[in-house]
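Q: Here it is, the structure, as structure tokens.
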Amino acid sequence: MASGGSDNEDDGGDTRGIDPIRPTDDQARALARSLIASARFAALAVLAPDGGHPAVTRVAVALGAGGGPVTLVSDLAAHTRALRADPRAGLLLGEPAPKGDPLTHPRLSLQARAEFVAQDGPDHAALRALWLARHPKARLYIDFADFRFVRLVPLSAALNGGFGRAFHLTAEDLAP
């Protein structure tokens with residue numbers, strides 16, 4: 001039969017109307033927090049100021065004192081200029097294991113607001129120490145004038161905890 005079919009046909013696996021999102025529970029919250037805490041790198045999505053199209057880059061991350069991710073960026077980077085123009089950001093956390101289907105491994109897609117940390121601000125020294133403990137090779141460039149920390153304040157997230165384990169999380173769900 002031609003595409004489109006009729007209402008009487010077998011839908012061949014049609015899943016319209018099925019909500020794949022499970023109710024958020026403590027296990028989902030713990031997994032999301034664990035993905036944030038253990039992440040060393042992430043994919044950062046920003047909105048390019050020249051046209052508003054999404055742009056994605058890989059950044060190093062660390063867990064900040066407030067329980068959210070922090071990154072170190074250069075003023076020379078396009079993603080830094082984009083975050084200054086529009087602080088809305090997305091962050092994909094979670095690395096697949098070396099074996100198996102990467103889509104079965106947990107990952108967290110975080111919606112966040114970028115907050116730049118002043119280099120002469122009260123939090124800078126603590127973030128610098130935290131960063132170097134997590135990324136010791138950054139000692140080579142961390143004090144360059146164009147580098148600064150950005151807090152990625154979680155607003156909400158989508159957690160894929162593995163096959164059949166999808167959740168929506170709020171900022172409160174992600175708080176330590």
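Naming works like this for the structure tokens: A, B, ... for the chains as they're shown, residue 1 at the start of each chain, ligands 1 onward in shown order.
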Skipping near chain neighbours, those fewer than 4 positions away, what residues fall within 10 Å of Gly52 of chain A using only C-alpha atoms, listed as a count of residues only?

A: 5

Q: Let's see if you can do this: from backbone DSSP, list all alpha helix (DSSP H) residues in segment 1-151 of chain A, as an NGL selection string.

A: :A and (26-38 or 78-85 or 124-134)

Q: Check the smallest atom-to-atom distance from each of A:Leu35, A:Ile142, A:Leu155, A:Ala28 to Ala89 of chain A using only C-alpha atoms, then report the winner.

A: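 Of all the options, A:Leu155 lies closest to Ala89 of chain A.
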
Q: Rank A:Ala145, A:Ala45, A:Ile36, A:Ala97 by their smallest atom-to-atom distance to Gly66 of chain A, using only C-alpha atoms, and report the top residue only.

A: A:Ile36

Q: Please, what distance in Å, to one decimal, runs between atom CA of Gly164 of chain A and atom CA of Thr104 of chain A?

A: 9.1 Å

Q: So how many Å separate atom CA of Pro176 of chain A and atom CA of Ala158 of chain A, to one decimal?

A: 17.1 Å

Q: Enter the distance from atom CA of Leu44 of chain A to atom CA of Gly121 of chain A, in Å, rounded to one decimal.

A: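 Computing it gives 24.3 Å between the two atoms.
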
Q: Neighbouring residues of segment 109-112 of chain A were defined as those with any atom within 9 Å, considering only C-alpha atoms; residues of the same chain fewer than 4 positions away were excluded. Please report them as an NGL selection string.

A: :A and (87-94 or 152-160)

Q: What does the file look like for those residues with C-alpha atoms, as an mmCIF file, in the first residue's frame?

A:
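Written file, out-v5.cif:
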```cif
data_model
loop_
_atom_site.group_PDB
_atom_site.id
_atom_site.type_symbol
_atom_site.label_atom_id
_atom_site.label_comp_id
_atom_site.auth_asym_id
_atom_site.auth_seq_id
_atom_site.Cartn_x
_atom_site.Cartn_y
_atom_site.Cartn_z
ATOM 1 C CA PRO A 87 24.512 33.528 28.036
ATOM 2 C CA ARG A 88 22.223 30.658 27.069
ATOM 3 C CA ALA A 89 24.210 27.460 26.664
ATOM 4 C CA GLY A 90 23.858 23.727 26.329
ATOM 5 C CA LEU A 91 26.313 21.218 27.718
ATOM 6 C CA LEU A 92 26.455 17.519 26.842
ATOM 7 C CA LEU A 93 28.142 15.446 29.550
ATOM 8 C CA GLY A 94 28.911 11.747 29.642
ATOM 9 C CA LEU A 152 27.426 27.100 33.746
ATOM 10 C CA VAL A 153 24.440 27.469 36.061
ATOM 11 C CA PRO A 154 22.041 24.560 35.470
ATOM 12 C CA LEU A 155 18.481 25.508 34.527
ATOM 13 C CA SER A 156 17.166 22.096 33.456
ATOM 14 C CA ALA A 157 18.377 18.898 31.863
ATOM 15 C CA ALA A 158 17.463 15.844 29.864
ATOM 16 C CA LEU A 159 19.019 12.653 31.202
ATOM 17 C CA ASN A 160 19.379 9.563 29.090
#
```
